[in-house]
Amino acid sequence: MELFIFGFGLYGHGVFLTELQHLQGWPTALISSASTLSFLLGNLLAPFTSDALHWVGPRRLMLFGISALGTSTTLLAFTATPWQLYTAYILMAFGWAGMGTVVVATILRSWFDRRSGLAISLAFNGATCGGIIVAPALVLLIGEVGFKLAMLAMTVIMIAILVPAVMSLPLADSASERRAENAPPRGNPMSPSLSRWPLLQSFGFWTITAPFALALSAQVGFIVHQIAFLEPTMGRSDAAIAVSVTTTMAVIGRLCLGMIVDRLEPRRTTAISLATQAGALLVIVLAPDSRTLFLACAVYGFSIGNLITLPALIIQREFDAATFGMVLGLSTAIGGMVSALGPGLMGLMQSATGGYDAALVLCLILKLVAAAIVLLRPRRRR
């Protein structure tokens, strides 16, 4: 699920932008604003994922997400007017609601206790692989058979893989089935039991949400602008290789951390990860040669995937299972809204200063501030 929702719903946007510009002659602003709408709506829906899991059931919610994403990609294949474009991207947001990280982490949390960190790390590697597998496959297919047939073929492949997989999972959808299951010791993660307003007033909630929102804002900005700030020193081809190195290290980093994360203290691990990224950014600002830049991108990439995994692990330890899905959903929504500002903020800094050094230093500062905040521990409740 993570492979396809990130492959189509995140990494695929660049493919759709290029092809629709070529086919329809639409301006970049029209298509990119549809992407922004999709991301914003997806983040607005995230806090209510726990309610949907409870009332609809995980299997039906995932099938709904697959249907929404499949309808979205099919409509994109036949898009000829702006209203069809916006409808497709709105449907993609509902795909995120049924297939995104909140759903996956909540379901895995209900299955795993001691090794939930490893389980979540393994599952979320599908997100990174979406950029390694789905987006390049789309590009290759478009070159062979055109945009319409490529989109339809990838949609059929997705449905053929995901629907049987979801139907085979040990999930309880009806209320009677859920009541019949033995609840884990700390409650059912799919049963929200805390209102959102008190949660927003919780110091502990903000010591998780604020640092990851700041760190992801810097991280998304880094990813979007990476080729642009590396190209003057490395050239376009080497800059593209550096992006591949960064992505590959994200997969390796998540796998390595996943093997031991259940034995680590997640807040301290987060602070260390953010500090290493800040160090990598400093090296990139000062780096005089391509070899050093490759190394710095590799170090930065090692922690990229873990910044998606670690919030769930901190929430798991500090909130009971009955509120896990709601806390993660609300935290993810706020982080998503803030991180969407990252690319624009870096672009403004670049335009104002005529280079990327100031923008990268800003990202470095955001990482260090996030590392300091995440180490602030809430008082333990009696």
# chains A, B, ... in the order shown; residues from 1 in each chain; ligands from 1
call {"tool": "residues_around", "arguments": {"residues": "Ala275 of chain A", "least_positions_apart": "6", "cutoff": "9 Å", "atoms": "only C-alpha atoms", "output": "ChimeraX atom specification"}}
result
/A:364,367-368,371
call {"tool": "write_last_selection", "arguments": {"atoms": "N, CA and C atoms", "output": "short mmCIF file (atom, residue, chain, number, x, y, z; two decimals), in the first residue's frame"}}
result
data_model
loop_
_atom_site.label_atom_id
_atom_site.label_comp_id
_atom_site.auth_asym_id
_atom_site.auth_seq_id
_atom_site.Cartn_x
_atom_site.Cartn_y
_atom_site.Cartn_z
N LEU A 364 19.26 24.05 8.61
CA LEU A 364 20.13 23.57 9.68
C LEU A 364 19.60 24.04 11.04
N LYS A 367 16.52 22.14 12.09
CA LYS A 367 16.86 20.80 12.57
C LYS A 367 17.33 20.85 14.02
N LEU A 368 18.19 21.81 14.35
CA LEU A 368 18.72 21.90 15.72
C LEU A 368 17.64 22.31 16.71
N ALA A 371 15.59 19.27 17.31
CA ALA A 371 16.31 18.32 18.18
C ALA A 371 16.21 18.73 19.64
#
call {"tool": "closest_atom_pairs", "arguments": {"of": "segment 63-105 of chain A", "to": "segment 29-51 of chain A", "cutoff": "12 Å", "atoms": "only C-alpha atoms", "output": "CSV"}}
result
residue,atom,partner,partner_atom,distance
A:Gly65,CA,A:Thr49,CA,11.4
A:Leu69,CA,A:Ser38,CA,11.7
A:Ser72,CA,A:Ser38,CA,11.0
A:Leu76,CA,A:Ile31,CA,11.5
A:Thr79,CA,A:Ile31,CA,11.7
A:Thr81,CA,A:Leu30,CA,11.1
A:Pro82,CA,A:Leu30,CA,8.0
A:Trp83,CA,A:Ala34,CA,9.9
A:Gln84,CA,A:Ala34,CA,10.5
A:Leu85,CA,A:Ala34,CA,7.2
A:Tyr86,CA,A:Ala34,CA,5.6
A:Thr87,CA,A:Ala34,CA,8.9
A:Ala88,CA,A:Ala34,CA,8.9
A:Tyr89,CA,A:Ser38,CA,5.3
A:Ile90,CA,A:Ser38,CA,5.4
A:Leu91,CA,A:Ser38,CA,8.0
A:Met92,CA,A:Ser38,CA,6.6
A:Ala93,CA,A:Gly42,CA,4.4
A:Phe94,CA,A:Gly42,CA,6.6
A:Gly95,CA,A:Gly42,CA,8.3
A:Trp96,CA,A:Gly42,CA,6.0
A:Ala97,CA,A:Ala46,CA,6.1
A:Gly98,CA,A:Thr49,CA,7.8
A:Met99,CA,A:Thr49,CA,10.1
A:Gly100,CA,A:Ala46,CA,8.6
A:Thr101,CA,A:Ala46,CA,9.4
A:Val102,CA,A:Thr49,CA,7.1
A:Val103,CA,A:Thr49,CA,6.9
A:Val104,CA,A:Thr49,CA,10.7
A:Ala105,CA,A:Ser50,CA,10.9
call {"tool": "residues_around", "arguments": {"residues": "segment 117-133 of chain A", "least_positions_apart": "6", "cutoff": "8 Å", "atoms": "only C-alpha atoms", "output": "ChimeraX atom specification"}}
result
/A:1-8,11-12,101,104-105,108,247,250-251,254-255,257-262,305-306,308-309,313
call {"tool": "residues_around", "arguments": {"residues": "Phe203 of chain A", "least_positions_apart": "5", "cutoff": "12 Å", "atoms": "only C-alpha atoms", "output": "JSON list (two decimals) with all heavy atoms, in the first residue's frame"}}
result
[["chain", "number", "residue", "atom", "x", "y", "z"],
["A", 198, "PRO", "N", -8.51, 18.68, 24.07],
["A", 198, "PRO", "CA", -7.54, 18.50, 25.16],
["A", 198, "PRO", "C", -6.17, 18.05, 24.65],
["A", 198, "PRO", "O", -5.14, 18.42, 25.23],
["A", 198, "PRO", "CB", -8.19, 17.43, 26.04],
["A", 198, "PRO", "CG", -9.62, 17.50, 25.75],
["A", 198, "PRO", "CD", -9.72, 17.87, 24.30],
["A", 208, "ILE", "N", 6.11, 16.38, 20.59],
["A", 208, "ILE", "CA", 6.26, 15.42, 19.49],
["A", 208, "ILE", "C", 5.96, 16.10, 18.15],
["A", 208, "ILE", "O", 6.74, 16.02, 17.20],
["A", 208, "ILE", "CB", 5.31, 14.22, 19.68],
["A", 208, "ILE", "CG1", 5.61, 13.50, 20.99],
["A", 208, "ILE", "CG2", 5.44, 13.24, 18.50],
["A", 208, "ILE", "CD1", 4.57, 12.45, 21.36],
["A", 209, "THR", "N", 4.84, 16.81, 18.10],
["A", 209, "THR", "CA", 4.36, 17.36, 16.83],
["A", 209, "THR", "C", 5.23, 18.50, 16.33],
["A", 209, "THR", "O", 5.60, 18.55, 15.15],
["A", 209, "THR", "CB", 2.91, 17.84, 17.01],
["A", 209, "THR", "OG1", 2.10, 16.74, 17.41],
["A", 209, "THR", "CG2", 2.38, 18.43, 15.72],
["A", 210, "ALA", "N", 5.57, 19.45, 17.20],
["A", 210, "ALA", "CA", 6.33, 20.63, 16.76],
["A", 210, "ALA", "C", 7.70, 20.27, 16.18],
["A", 210, "ALA", "O", 8.06, 20.75, 15.10],
["A", 210, "ALA", "CB", 6.47, 21.62, 17.92],
["A", 318, "GLU", "N", 4.19, 6.89, 24.67],
["A", 318, "GLU", "CA", 3.75, 7.92, 25.59],
["A", 318, "GLU", "C", 2.24, 8.10, 25.65],
["A", 318, "GLU", "O", 1.74, 8.83, 26.51],
["A", 318, "GLU", "CB", 4.43, 9.24, 25.24],
["A", 318, "GLU", "CG", 5.95, 9.15, 25.34],
["A", 318, "GLU", "CD", 6.65, 10.47, 25.10],
["A", 318, "GLU", "OE1", 5.95, 11.51, 24.98],
["A", 318, "GLU", "OE2", 7.90, 10.47, 25.03],
["A", 373, "ILE", "N", 13.73, 20.59, 21.02],
["A", 373, "ILE", "CA", 12.34, 20.46, 21.49],
["A", 373, "ILE", "C", 11.99, 19.02, 21.79],
["A", 373, "ILE", "O", 11.31, 18.71, 22.78],
["A", 373, "ILE", "CB", 11.36, 21.05, 20.46],
["A", 373, "ILE", "CG1", 11.59, 22.56, 20.30],
["A", 373, "ILE", "CG2", 9.91, 20.79, 20.88],
["A", 373, "ILE", "CD1", 10.77, 23.19, 19.19],
["A", 374, "VAL", "N", 12.43, 18.09, 20.93],
["A", 374, "VAL", "CA", 12.02, 16.70, 21.10],
["A", 374, "VAL", "C", 12.61, 16.09, 22.37],
["A", 374, "VAL", "O", 12.10, 15.08, 22.88],
["A", 374, "VAL", "CB", 12.43, 15.87, 19.86],
["A", 374, "VAL", "CG1", 13.90, 15.47, 19.91],
["A", 374, "VAL", "CG2", 11.55, 14.63, 19.72],
["A", 376, "LEU", "N", 12.54, 17.62, 25.21],
["A", 376, "LEU", "CA", 11.71, 18.08, 26.33],
["A", 376, "LEU", "C", 10.67, 17.02, 26.64],
["A", 376, "LEU", "O", 9.80, 16.74, 25.82],
["A", 376, "LEU", "CB", 11.03, 19.40, 25.98],
["A", 376, "LEU", "CG", 11.95, 20.58, 25.67],
["A", 376, "LEU", "CD1", 11.13, 21.78, 25.21],
["A", 376, "LEU", "CD2", 12.78, 20.95, 26.89],
["A", 377, "ARG", "N", 10.76, 16.44, 27.78],
["A", 377, "ARG", "CA", 9.86, 15.33, 28.12],
["A", 377, "ARG", "C", 8.71, 15.83, 28.99],
["A", 377, "ARG", "O", 8.93, 16.56, 29.96],
["A", 377, "ARG", "CB", 10.63, 14.23, 28.88],
["A", 377, "ARG", "CG", 11.75, 13.65, 28.07],
["A", 377, "ARG", "CD", 12.54, 12.65, 28.90],
["A", 377, "ARG", "NE", 13.70, 12.19, 28.16],
["A", 377, "ARG", "CZ", 13.66, 11.19, 27.28],
["A", 377, "ARG", "NH1", 12.53, 10.56, 27.09],
["A", 377, "ARG", "NH2", 14.74, 10.82, 26.62],
["A", 378, "PRO", "N", 7.49, 15.42, 28.67],
["A", 378, "PRO", "CA", 6.36, 15.78, 29.53],
["A", 378, "PRO", "C", 6.44, 15.05, 30.86],
["A", 378, "PRO", "O", 7.02, 13.97, 30.95],
["A", 378, "PRO", "CB", 5.15, 15.33, 28.72],
["A", 378, "PRO", "CG", 5.66, 14.21, 27.87],
["A", 378, "PRO", "CD", 7.09, 14.58, 27.54],
["A", 379, "ARG", "N", 5.84, 15.65, 31.88],
["A", 379, "ARG", "CA", 5.77, 14.97, 33.16],
["A", 379, "ARG", "C", 4.93, 13.72, 33.05],
["A", 379, "ARG", "O", 3.89, 13.72, 32.39],
["A", 379, "ARG", "CB", 5.16, 15.89, 34.23],
["A", 379, "ARG", "CG", 6.02, 17.10, 34.56],
["A", 379, "ARG", "CD", 5.32, 17.95, 35.60],
["A", 379, "ARG", "NE", 6.15, 19.11, 35.96],
["A", 379, "ARG", "CZ", 5.75, 20.06, 36.80],
["A", 379, "ARG", "NH1", 4.54, 19.96, 37.36],
["A", 379, "ARG", "NH2", 6.54, 21.07, 37.08],
["A", 380, "ARG", "N", 5.37, 12.67, 33.69],
["A", 380, "ARG", "CA", 4.62, 11.42, 33.66],
["A", 380, "ARG", "C", 3.33, 11.56, 34.45],
["A", 380, "ARG", "O", 3.31, 12.09, 35.55],
["A", 380, "ARG", "CB", 5.45, 10.27, 34.25],
["A", 380, "ARG", "CG", 6.62, 9.87, 33.38],
["A", 380, "ARG", "CD", 7.27, 8.61, 33.89],
["A", 380, "ARG", "NE", 8.35, 8.21, 33.03],
["A", 380, "ARG", "CZ", 8.19, 7.47, 31.95],
["A", 380, "ARG", "NH1", 6.98, 7.08, 31.61],
["A", 380, "ARG", "NH2", 9.22, 7.12, 31.21]]
call {"tool": "closest_residue", "arguments": {"among": "A:Thr332, A:Ser339, A:Gln21, A:Ser351", "to": "Val220 of chain A", "atoms": "only C-alpha atoms"}}
result
A:Ser339
call {"tool": "decode", "arguments": {"residues": "segment 159-170 of chain A", "atoms": "all heavy atoms", "output": "PDB file, in the first residue's frame"}}
result
ATOM      1  N   ILE A 159      -4.322  -2.547  -8.480  1.00  0.00           N
ATOM      2  CA  ILE A 159      -5.539  -3.201  -7.974  1.00  0.00           C
ATOM      3  C   ILE A 159      -5.352  -4.712  -7.893  1.00  0.00           C
ATOM      4  O   ILE A 159      -5.773  -5.355  -6.920  1.00  0.00           O
ATOM      5  CB  ILE A 159      -6.735  -2.837  -8.883  1.00  0.00           C
ATOM      6  CG1 ILE A 159      -7.043  -1.341  -8.748  1.00  0.00           C
ATOM      7  CG2 ILE A 159      -7.960  -3.673  -8.524  1.00  0.00           C
ATOM      8  CD1 ILE A 159      -8.067  -0.834  -9.740  1.00  0.00           C
ATOM      9  N   ALA A 160      -4.682  -5.282  -8.896  1.00  0.00           N
ATOM     10  CA  ALA A 160      -4.471  -6.738  -8.910  1.00  0.00           C
ATOM     11  C   ALA A 160      -3.601  -7.190  -7.745  1.00  0.00           C
ATOM     12  O   ALA A 160      -3.749  -8.317  -7.247  1.00  0.00           O
ATOM     13  CB  ALA A 160      -3.824  -7.149 -10.238  1.00  0.00           C
ATOM     14  N   ILE A 161      -2.695  -6.335  -7.283  1.00  0.00           N
ATOM     15  CA  ILE A 161      -1.823  -6.684  -6.157  1.00  0.00           C
ATOM     16  C   ILE A 161      -2.497  -6.394  -4.821  1.00  0.00           C
ATOM     17  O   ILE A 161      -2.494  -7.231  -3.905  1.00  0.00           O
ATOM     18  CB  ILE A 161      -0.486  -5.920  -6.265  1.00  0.00           C
ATOM     19  CG1 ILE A 161       0.330  -6.421  -7.459  1.00  0.00           C
ATOM     20  CG2 ILE A 161       0.326  -6.073  -4.973  1.00  0.00           C
ATOM     21  CD1 ILE A 161       1.572  -5.593  -7.741  1.00  0.00           C
ATOM     22  N   LEU A 162      -3.105  -5.211  -4.699  1.00  0.00           N
ATOM     23  CA  LEU A 162      -3.554  -4.754  -3.389  1.00  0.00           C
ATOM     24  C   LEU A 162      -4.867  -5.370  -2.921  1.00  0.00           C
ATOM     25  O   LEU A 162      -5.012  -5.690  -1.736  1.00  0.00           O
ATOM     26  CB  LEU A 162      -3.675  -3.226  -3.383  1.00  0.00           C
ATOM     27  CG  LEU A 162      -2.372  -2.443  -3.484  1.00  0.00           C
ATOM     28  CD1 LEU A 162      -2.627  -0.955  -3.270  1.00  0.00           C
ATOM     29  CD2 LEU A 162      -1.353  -2.940  -2.466  1.00  0.00           C
ATOM     30  N   VAL A 163      -5.828  -5.512  -3.819  1.00  0.00           N
ATOM     31  CA  VAL A 163      -7.134  -6.023  -3.373  1.00  0.00           C
ATOM     32  C   VAL A 163      -7.026  -7.434  -2.798  1.00  0.00           C
ATOM     33  O   VAL A 163      -7.505  -7.693  -1.679  1.00  0.00           O
ATOM     34  CB  VAL A 163      -8.169  -5.954  -4.519  1.00  0.00           C
ATOM     35  CG1 VAL A 163      -9.454  -6.677  -4.124  1.00  0.00           C
ATOM     36  CG2 VAL A 163      -8.481  -4.498  -4.848  1.00  0.00           C
ATOM     37  N   PRO A 164      -6.376  -8.402  -3.483  1.00  0.00           N
ATOM     38  CA  PRO A 164      -6.229  -9.729  -2.855  1.00  0.00           C
ATOM     39  C   PRO A 164      -5.416  -9.672  -1.560  1.00  0.00           C
ATOM     40  O   PRO A 164      -5.716 -10.406  -0.608  1.00  0.00           O
ATOM     41  CB  PRO A 164      -5.486 -10.544  -3.921  1.00  0.00           C
ATOM     42  CG  PRO A 164      -5.754  -9.843  -5.212  1.00  0.00           C
ATOM     43  CD  PRO A 164      -5.837  -8.397  -4.853  1.00  0.00           C
ATOM     44  N   ALA A 165      -4.402  -8.798  -1.511  1.00  0.00           N
ATOM     45  CA  ALA A 165      -3.583  -8.701  -0.297  1.00  0.00           C
ATOM     46  C   ALA A 165      -4.415  -8.209   0.881  1.00  0.00           C
ATOM     47  O   ALA A 165      -4.359  -8.767   1.984  1.00  0.00           O
ATOM     48  CB  ALA A 165      -2.399  -7.767  -0.536  1.00  0.00           C
ATOM     49  N   VAL A 166      -5.217  -7.172   0.658  1.00  0.00           N
ATOM     50  CA  VAL A 166      -6.052  -6.630   1.737  1.00  0.00           C
ATOM     51  C   VAL A 166      -7.113  -7.640   2.161  1.00  0.00           C
ATOM     52  O   VAL A 166      -7.392  -7.801   3.356  1.00  0.00           O
ATOM     53  CB  VAL A 166      -6.694  -5.298   1.299  1.00  0.00           C
ATOM     54  CG1 VAL A 166      -7.760  -4.846   2.298  1.00  0.00           C
ATOM     55  CG2 VAL A 166      -5.629  -4.222   1.152  1.00  0.00           C
ATOM     56  N   MET A 167      -7.697  -8.345   1.202  1.00  0.00           N
ATOM     57  CA  MET A 167      -8.736  -9.326   1.532  1.00  0.00           C
ATOM     58  C   MET A 167      -8.179 -10.490   2.334  1.00  0.00           C
ATOM     59  O   MET A 167      -8.908 -11.154   3.077  1.00  0.00           O
ATOM     60  CB  MET A 167      -9.391  -9.849   0.249  1.00  0.00           C
ATOM     61  CG  MET A 167     -10.186  -8.780  -0.516  1.00  0.00           C
ATOM     62  SD  MET A 167     -11.465  -7.978   0.476  1.00  0.00           S
ATOM     63  CE  MET A 167     -12.545  -9.373   0.815  1.00  0.00           C
ATOM     64  N   SER A 168      -6.869 -10.750   2.209  1.00  0.00           N
ATOM     65  CA  SER A 168      -6.275 -11.883   2.919  1.00  0.00           C
ATOM     66  C   SER A 168      -5.765 -11.524   4.306  1.00  0.00           C
ATOM     67  O   SER A 168      -5.373 -12.395   5.072  1.00  0.00           O
ATOM     68  CB  SER A 168      -5.113 -12.459   2.099  1.00  0.00           C
ATOM     69  OG  SER A 168      -4.037 -11.535   2.053  1.00  0.00           O
ATOM     70  N   LEU A 169      -5.775 -10.224   4.658  1.00  0.00           N
ATOM     71  CA  LEU A 169      -5.240  -9.814   5.949  1.00  0.00           C
ATOM     72  C   LEU A 169      -6.175 -10.195   7.091  1.00  0.00           C
ATOM     73  O   LEU A 169      -7.400 -10.171   6.931  1.00  0.00           O
ATOM     74  CB  LEU A 169      -5.012  -8.299   5.973  1.00  0.00           C
ATOM     75  CG  LEU A 169      -3.911  -7.764   5.065  1.00  0.00           C
ATOM     76  CD1 LEU A 169      -3.872  -6.241   5.128  1.00  0.00           C
ATOM     77  CD2 LEU A 169      -2.562  -8.327   5.459  1.00  0.00           C
ATOM     78  N   PRO A 170      -5.620 -10.538   8.251  1.00  0.00           N
ATOM     79  CA  PRO A 170      -6.449 -10.880   9.416  1.00  0.00           C
ATOM     80  C   PRO A 170      -7.003  -9.626  10.072  1.00  0.00           C
ATOM     81  O   PRO A 170      -6.471  -9.111  11.056  1.00  0.00           O
ATOM     82  CB  PRO A 170      -5.464 -11.608  10.342  1.00  0.00           C
ATOM     83  CG  PRO A 170      -4.141 -11.017  10.006  1.00  0.00           C
ATOM     84  CD  PRO A 170      -4.183 -10.700   8.539  1.00  0.00           C
TER      85      PRO A 170
END
